[in-house]
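Source file: work-v9.cif (mmCIF, C-alpha atoms)
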```cif
data_model
loop_
_atom_site.label_atom_id
_atom_site.label_comp_id
_atom_site.auth_asym_id
_atom_site.auth_seq_id
_atom_site.Cartn_x
_atom_site.Cartn_y
_atom_site.Cartn_z
CA MET B 291 -25.98 -5.83 -23.27
CA THR B 292 -23.52 -7.95 -21.27
CA THR B 293 -21.62 -8.89 -24.45
CA ARG B 294 -20.95 -5.26 -25.33
CA LEU B 295 -20.08 -4.47 -21.72
CA THR B 296 -17.51 -7.25 -21.49
CA GLU B 297 -16.07 -6.48 -24.92
CA ASP B 298 -15.64 -2.81 -24.04
CA LEU B 299 -14.17 -3.76 -20.67
CA ALA B 300 -11.55 -5.97 -22.33
CA SER B 301 -10.62 -3.39 -24.96
CA GLY B 302 -10.42 -0.43 -22.60
CA ALA B 303 -13.27 1.36 -24.38
CA LEU B 304 -15.44 1.15 -21.27
CA ALA B 305 -12.89 2.91 -19.06
CA GLU B 306 -12.50 5.58 -21.74
CA ALA B 307 -16.27 6.09 -21.82
CA LEU B 308 -16.44 6.33 -18.02
CA ALA B 309 -13.72 8.98 -18.07
CA ASP B 310 -15.67 11.05 -20.59
CA ILE B 311 -18.83 10.76 -18.49
CA ALA B 312 -17.03 11.72 -15.27
CA GLU B 313 -15.50 14.76 -16.97
CA ALA B 314 -18.93 15.77 -18.27
CA ALA B 315 -20.21 15.54 -14.69
CA ALA B 316 -17.32 17.76 -13.63
CA GLY B 317 -18.64 20.34 -16.08
CA VAL B 318 -21.97 20.27 -14.24
CA ILE B 319 -20.31 20.58 -10.83
CA LEU B 320 -17.73 23.32 -11.45
CA PRO B 321 -20.18 26.25 -11.82
CA TYR B 322 -21.42 25.52 -8.28
CA TRP B 323 -17.93 25.39 -6.73
CA ARG B 324 -17.08 28.46 -4.65
CA SER B 325 -20.38 30.00 -5.71
CA GLY B 326 -21.98 30.00 -2.27
CA VAL B 327 -23.96 26.85 -3.05
CA LEU B 328 -26.14 25.75 -0.13
CA ALA B 329 -26.06 22.27 1.33
CA GLU B 330 -28.97 20.32 2.74
CA THR B 331 -28.55 17.65 5.40
CA LYS B 332 -29.55 14.08 4.57
CA ALA B 333 -30.93 11.52 6.99
CA ASP B 334 -27.43 10.17 7.66
CA ASP B 335 -26.29 13.70 8.61
CA SER B 336 -24.13 14.07 5.49
CA PRO B 337 -24.49 17.09 3.19
CA VAL B 338 -25.94 17.17 -0.33
CA THR B 339 -26.13 20.00 -2.86
CA GLN B 340 -27.80 20.64 -6.18
CA ALA B 341 -24.43 19.89 -7.78
CA ASP B 342 -24.52 16.33 -6.36
CA ARG B 343 -28.00 15.75 -7.75
CA GLU B 344 -27.39 17.21 -11.20
CA ALA B 345 -24.10 15.35 -11.63
CA GLU B 346 -25.75 12.07 -10.63
CA THR B 347 -28.58 12.62 -13.10
CA LEU B 348 -26.11 13.20 -15.93
CA ILE B 349 -24.06 10.12 -15.04
CA LEU B 350 -27.10 7.85 -14.83
CA GLU B 351 -28.49 9.12 -18.14
CA ARG B 352 -25.17 8.70 -19.97
CA LEU B 353 -24.58 5.20 -18.59
CA ALA B 354 -28.12 4.09 -19.45
CA ALA B 355 -27.68 5.35 -23.00
CA LEU B 356 -24.38 3.51 -23.48
CA TYR B 357 -25.17 0.29 -21.61
CA PRO B 358 -28.94 -0.03 -21.21
CA GLY B 359 -30.19 -2.45 -18.60
CA VAL B 360 -27.14 -2.36 -16.32
CA GLN B 361 -28.21 -1.75 -12.72
CA ALA B 362 -26.92 1.39 -10.99
CA VAL B 363 -26.34 2.07 -7.31
CA ALA B 364 -25.89 5.83 -6.94
CA GLU B 365 -25.45 7.76 -3.70
CA GLU B 366 -28.29 10.25 -3.94
CA ALA B 367 -30.78 7.70 -5.29
CA VAL B 368 -29.88 5.32 -2.47
CA SER B 369 -30.19 8.14 0.05
CA ALA B 370 -33.69 8.90 -1.21
CA HIS B 371 -34.99 5.39 -1.91
CA GLY B 372 -32.68 2.91 -0.19
CA VAL B 373 -30.38 0.21 -1.52
CA PRO B 374 -31.94 -2.06 -4.16
CA PRO B 375 -33.32 -5.26 -2.57
CA SER B 376 -30.98 -7.34 -4.73
CA LEU B 377 -27.92 -6.63 -6.84
CA ASP B 378 -27.20 -8.00 -10.29
CA ASP B 379 -23.88 -9.62 -11.19
CA TRP B 380 -22.99 -6.41 -13.04
CA PHE B 381 -23.81 -2.97 -11.67
CA TRP B 382 -22.52 0.60 -11.56
CA LEU B 383 -21.45 2.11 -8.25
CA ILE B 384 -21.57 5.91 -8.35
CA ASP B 385 -20.67 8.77 -6.04
CA PRO B 386 -21.33 11.86 -8.15
CA LEU B 387 -19.60 14.25 -5.76
CA ASP B 388 -17.35 12.69 -3.15
CA GLY B 389 -16.22 15.16 -0.51
CA THR B 390 -19.32 17.35 -0.56
CA ARG B 391 -18.49 19.01 2.75
CA GLY B 392 -15.11 20.17 1.46
CA PHE B 393 -16.73 21.19 -1.83
CA VAL B 394 -19.17 23.46 0.02
CA GLU B 395 -16.27 24.94 2.00
CA GLY B 396 -14.41 25.72 -1.23
CA ARG B 397 -11.66 23.10 -1.05
CA GLU B 398 -10.28 21.49 -4.21
CA SER B 399 -10.21 17.88 -3.05
CA TYR B 400 -13.63 16.63 -4.18
CA THR B 401 -14.14 14.00 -6.86
CA VAL B 402 -16.53 12.22 -9.20
CA ASN B 403 -16.39 8.42 -8.79
CA ILE B 404 -17.81 5.78 -11.15
CA ALA B 405 -17.04 2.05 -10.91
CA LEU B 406 -18.25 -1.09 -12.61
CA ILE B 407 -18.77 -3.96 -10.18
CA HIS B 408 -18.88 -7.62 -11.22
CA LYS B 409 -19.83 -10.22 -8.62
CA ASP B 410 -18.96 -7.88 -5.74
CA ALA B 411 -15.53 -6.88 -7.10
CA PRO B 412 -14.59 -3.66 -8.92
CA VAL B 413 -13.39 -4.34 -12.47
CA ALA B 414 -13.22 -0.81 -13.92
CA GLY B 415 -13.39 2.67 -12.54
CA VAL B 416 -12.61 6.35 -12.87
CA VAL B 417 -11.99 9.18 -10.45
CA THR B 418 -12.17 12.76 -11.69
CA ALA B 419 -11.03 15.81 -9.72
CA PRO B 420 -12.94 18.71 -11.29
CA ALA B 421 -11.00 21.47 -9.53
CA THR B 422 -7.66 20.32 -10.95
CA GLN B 423 -9.19 18.96 -14.17
CA THR B 424 -7.54 15.57 -13.70
CA THR B 425 -8.91 12.06 -14.27
CA TRP B 426 -7.53 8.68 -13.25
CA ARG B 427 -8.80 5.44 -14.78
CA SER B 428 -8.24 1.71 -14.90
CA GLY B 429 -10.35 -0.97 -16.46
CA ALA B 430 -8.74 -3.07 -19.17
CA PRO B 431 -7.53 -6.09 -17.15
CA GLY B 432 -3.76 -6.29 -17.02
CA LYS B 433 -3.25 -3.02 -18.88
CA GLY B 434 -2.47 -0.73 -15.97
CA ALA B 435 -3.86 2.56 -14.74
CA PHE B 436 -3.67 5.98 -16.34
CA ARG B 437 -4.02 9.69 -15.63
CA ARG B 438 -4.85 12.68 -17.84
CA ARG B 439 -5.59 16.35 -17.65
CA PHE B 440 -8.83 17.36 -19.34
CA GLY B 441 -8.32 17.57 -23.09
CA GLU B 442 -4.93 15.85 -23.02
CA GLY B 443 -3.72 12.30 -23.64
CA TRP B 444 -3.33 9.54 -21.08
CA THR B 445 -0.07 8.88 -19.23
CA THR B 446 0.65 5.60 -17.47
CA ILE B 447 0.76 5.70 -13.68
CA GLN B 448 4.03 4.15 -12.50
CA VAL B 449 5.22 3.17 -9.06
CA ARG B 450 7.73 5.69 -7.73
CA GLU B 451 10.60 5.14 -5.36
CA ARG B 452 9.52 5.31 -1.75
CA PRO B 453 10.48 8.74 -0.39
CA ALA B 454 12.82 8.90 2.59
CA SER B 455 10.23 10.89 4.50
CA PRO B 456 6.72 9.80 3.48
CA ILE B 457 3.80 12.20 3.72
CA ALA B 458 0.58 10.95 5.32
CA LEU B 459 -2.73 11.84 3.67
CA MET B 460 -5.40 12.57 6.27
CA SER B 461 -9.06 13.47 6.11
CA HIS B 462 -9.87 17.10 6.83
CA SER B 463 -12.39 15.79 9.36
CA MET B 464 -9.50 14.90 11.69
CA THR B 465 -8.17 17.49 14.10
CA ASP B 466 -4.57 18.65 13.73
CA ASP B 467 -3.61 16.79 16.92
CA GLU B 468 -5.23 13.54 15.75
CA ALA B 469 -3.57 13.74 12.34
CA THR B 470 -0.16 14.54 13.82
CA ARG B 471 -0.35 11.61 16.26
CA LEU B 472 -1.44 9.16 13.56
CA ALA B 473 1.22 10.33 11.10
CA SER B 474 3.93 10.09 13.75
CA ARG B 475 2.84 6.58 14.71
CA HIS B 476 3.54 5.45 11.15
CA GLY B 477 6.86 7.22 10.73
CA CYS B 478 5.57 10.21 8.78
CA VAL B 479 6.97 13.58 9.76
CA GLN B 480 4.51 15.43 7.51
CA TRP B 481 0.81 15.09 6.83
CA GLN B 482 -1.54 16.62 4.30
CA GLY B 483 -5.29 17.13 4.66
CA THR B 484 -7.20 15.68 1.71
CA ASP B 485 -10.88 14.85 1.21
CA SER B 486 -12.59 12.16 -0.84
CA SER B 487 -11.16 9.40 -3.03
CA LEU B 488 -8.46 11.83 -4.14
CA LYS B 489 -6.29 10.28 -1.40
CA PHE B 490 -6.12 7.01 -3.36
CA CYS B 491 -5.19 8.81 -6.57
CA LEU B 492 -2.41 10.78 -4.91
CA ILE B 493 -1.00 7.55 -3.49
CA ALA B 494 -1.20 5.91 -6.94
#
```

When written as structure tokens, how does the structure in this file appear?
Amino acid sequence: MTTRLTEDLASGALAEALADIAEAAAGVILPYWRSGVLAETKADDSPVTQADREAETLILERLAALYPGVQAVAEEAVSAHGVPPSLDDWFWLIDPLDGTRGFVEGRESYTVNIALIHKDAPVAGVVTAPATQTTWRSGAPGKGAFRRRFGEGWTTIQVRERPASPIALMSHSMTDDEATRLASRHGCVQWQGTDSSLKFCLIA
């Protein structure tokens, strides 16, 4: 199991497989978006929907089929049953629907997140934004990071020139006054509300 995992990690095949799985999860999530889906409240006061649960089930099943025996730490399973008492050297870290509150409110900035962790460090991962049908991935060491629209080829993510007037990305949970003060403190004259891990992808 570990041999195939490490071989696929080195070749980039693992990151490609994770992207396909995340996009399949997006297909589960999208029918619920802006459909009036109801959210329940978990013990930690965060929301969860049927879309979260169904996407997590798909991800766990697909990962187990491809790489049997690799431990998984997934948000809804952890919420229901707690964190595993011990973690293996290799494990999956999964948030099937990051930004659930914004998802329920109809915003576009929610994501599917899957990462492979080795000895407490991420070594491969994907983020998919179902609403914009975009996926970002990295995973073959030293081979960069990539982005694609669903059904299209990968393009390399490159560092851009720093803009003269940077835009701050802020959580929608912040008030307008809080966001404006924080952006101003760091020399940003504009700020944009964004949920979930999408903030990291927009920066990349």

Contacts of stretch 357-374 of chain B at 6 Å or less, counting all atoms listed in the file, minus same-chain residues fewer than 5 places along, as a PDB file with C-alpha atoms, in the frame of the given file?
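Result file is around-v2.pdb:
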```pdb
ATOM      1  CA  PHE B 381     -23.810  -2.970 -11.670  1.00  0.00           C
ATOM      2  CA  TRP B 382     -22.520   0.600 -11.560  1.00  0.00           C
ATOM      3  CA  LEU B 383     -21.450   2.110  -8.250  1.00  0.00           C
ATOM      4  CA  ILE B 384     -21.570   5.910  -8.350  1.00  0.00           C
ATOM      5  CA  ASP B 385     -20.670   8.770  -6.040  1.00  0.00           C
TER       6      ASP B 385
END
```

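When the PyMOL selection byres ((chain B and resi 328) around 12) is run on the displayed coordinates, the residues it returns are B:Tyr322, B:Trp323, B:Arg324, B:Ser325, B:Gly326, B:Val327, B:Ala329, B:Glu330, B:Thr331, B:Pro337, B:Val338, B:Thr339, B:Gln340, B:Ala341, B:Asp342, B:Thr390, B:Arg391, B:Phe393, B:Val394, B:Glu395, B:Gly396.
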
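Distance-wise, atom CA of B:Gly302 and atom CA of B:Trp444 end up 12.3 Å apart.
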
*May I have the residues within 12 Å of B:Gly441 as a PyMOL selection string, using all atoms listed in the file and disregarding those fewer than 3 positions away in the same chain?*
chain B and resi 309-310+313-314+423-425+437-438+444

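Against this structure, the PyMOL selection byres ((chain B and resi 422) around 12) ends up with Glu313, Ala316, Leu320, Arg397, Glu398, Ser399, Tyr400, Thr401, Val417, Thr418, Ala419, Pro420, Ala421, Gln423, Thr424, Thr425, Trp426, Arg438, Arg439, Phe440 and Leu488 of chain B.
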
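Rounded to one decimal, atom CA of B:Leu348 and atom CA of B:Leu304 lie 17.0 Å from each other.
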
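Distances from B:Pro412, B:Gly429, B:Gly392, B:Gly434 to B:Trp380 were compared using all atoms listed in the file, and the smallest one belongs to B:Pro412.
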
*asked:* Calculated over only C-alpha atoms, which of the candidates B:Ala414, B:Leu308, B:Ile447, B:Leu406 has the smallest distance to B:Ala430?
replied: B:Ala414

_Computed interatomic separation between atom CA of B:Ile407 and atom CA of B:Pro431 (Å)_ = 13.4 Å

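With all atoms listed in the file as the basis for measurement, B:Asp485 is the residue among B:Arg294, B:Asp485, B:Arg352, B:Leu299 that approaches B:Gly389 most closely.
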
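Distances to B:Val402 were evaluated for B:Asp378, B:Glu346, B:Glu306, B:Asp334 using all atoms listed in the file, and the minimum falls at B:Glu346.
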
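Residues lying within 6 Å of B:Arg427, counting all atoms listed in the file and ignoring same-chain neighbours fewer than 3 positions away, are B:Gly415, B:Val416, B:Ala435, B:Phe436.
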
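You can rank B:Glu442, B:Leu295, B:Ser487, B:Gly432 by their closest distance to B:Ala354 using all atoms listed in the file, and at the top of that list sits B:Leu295.
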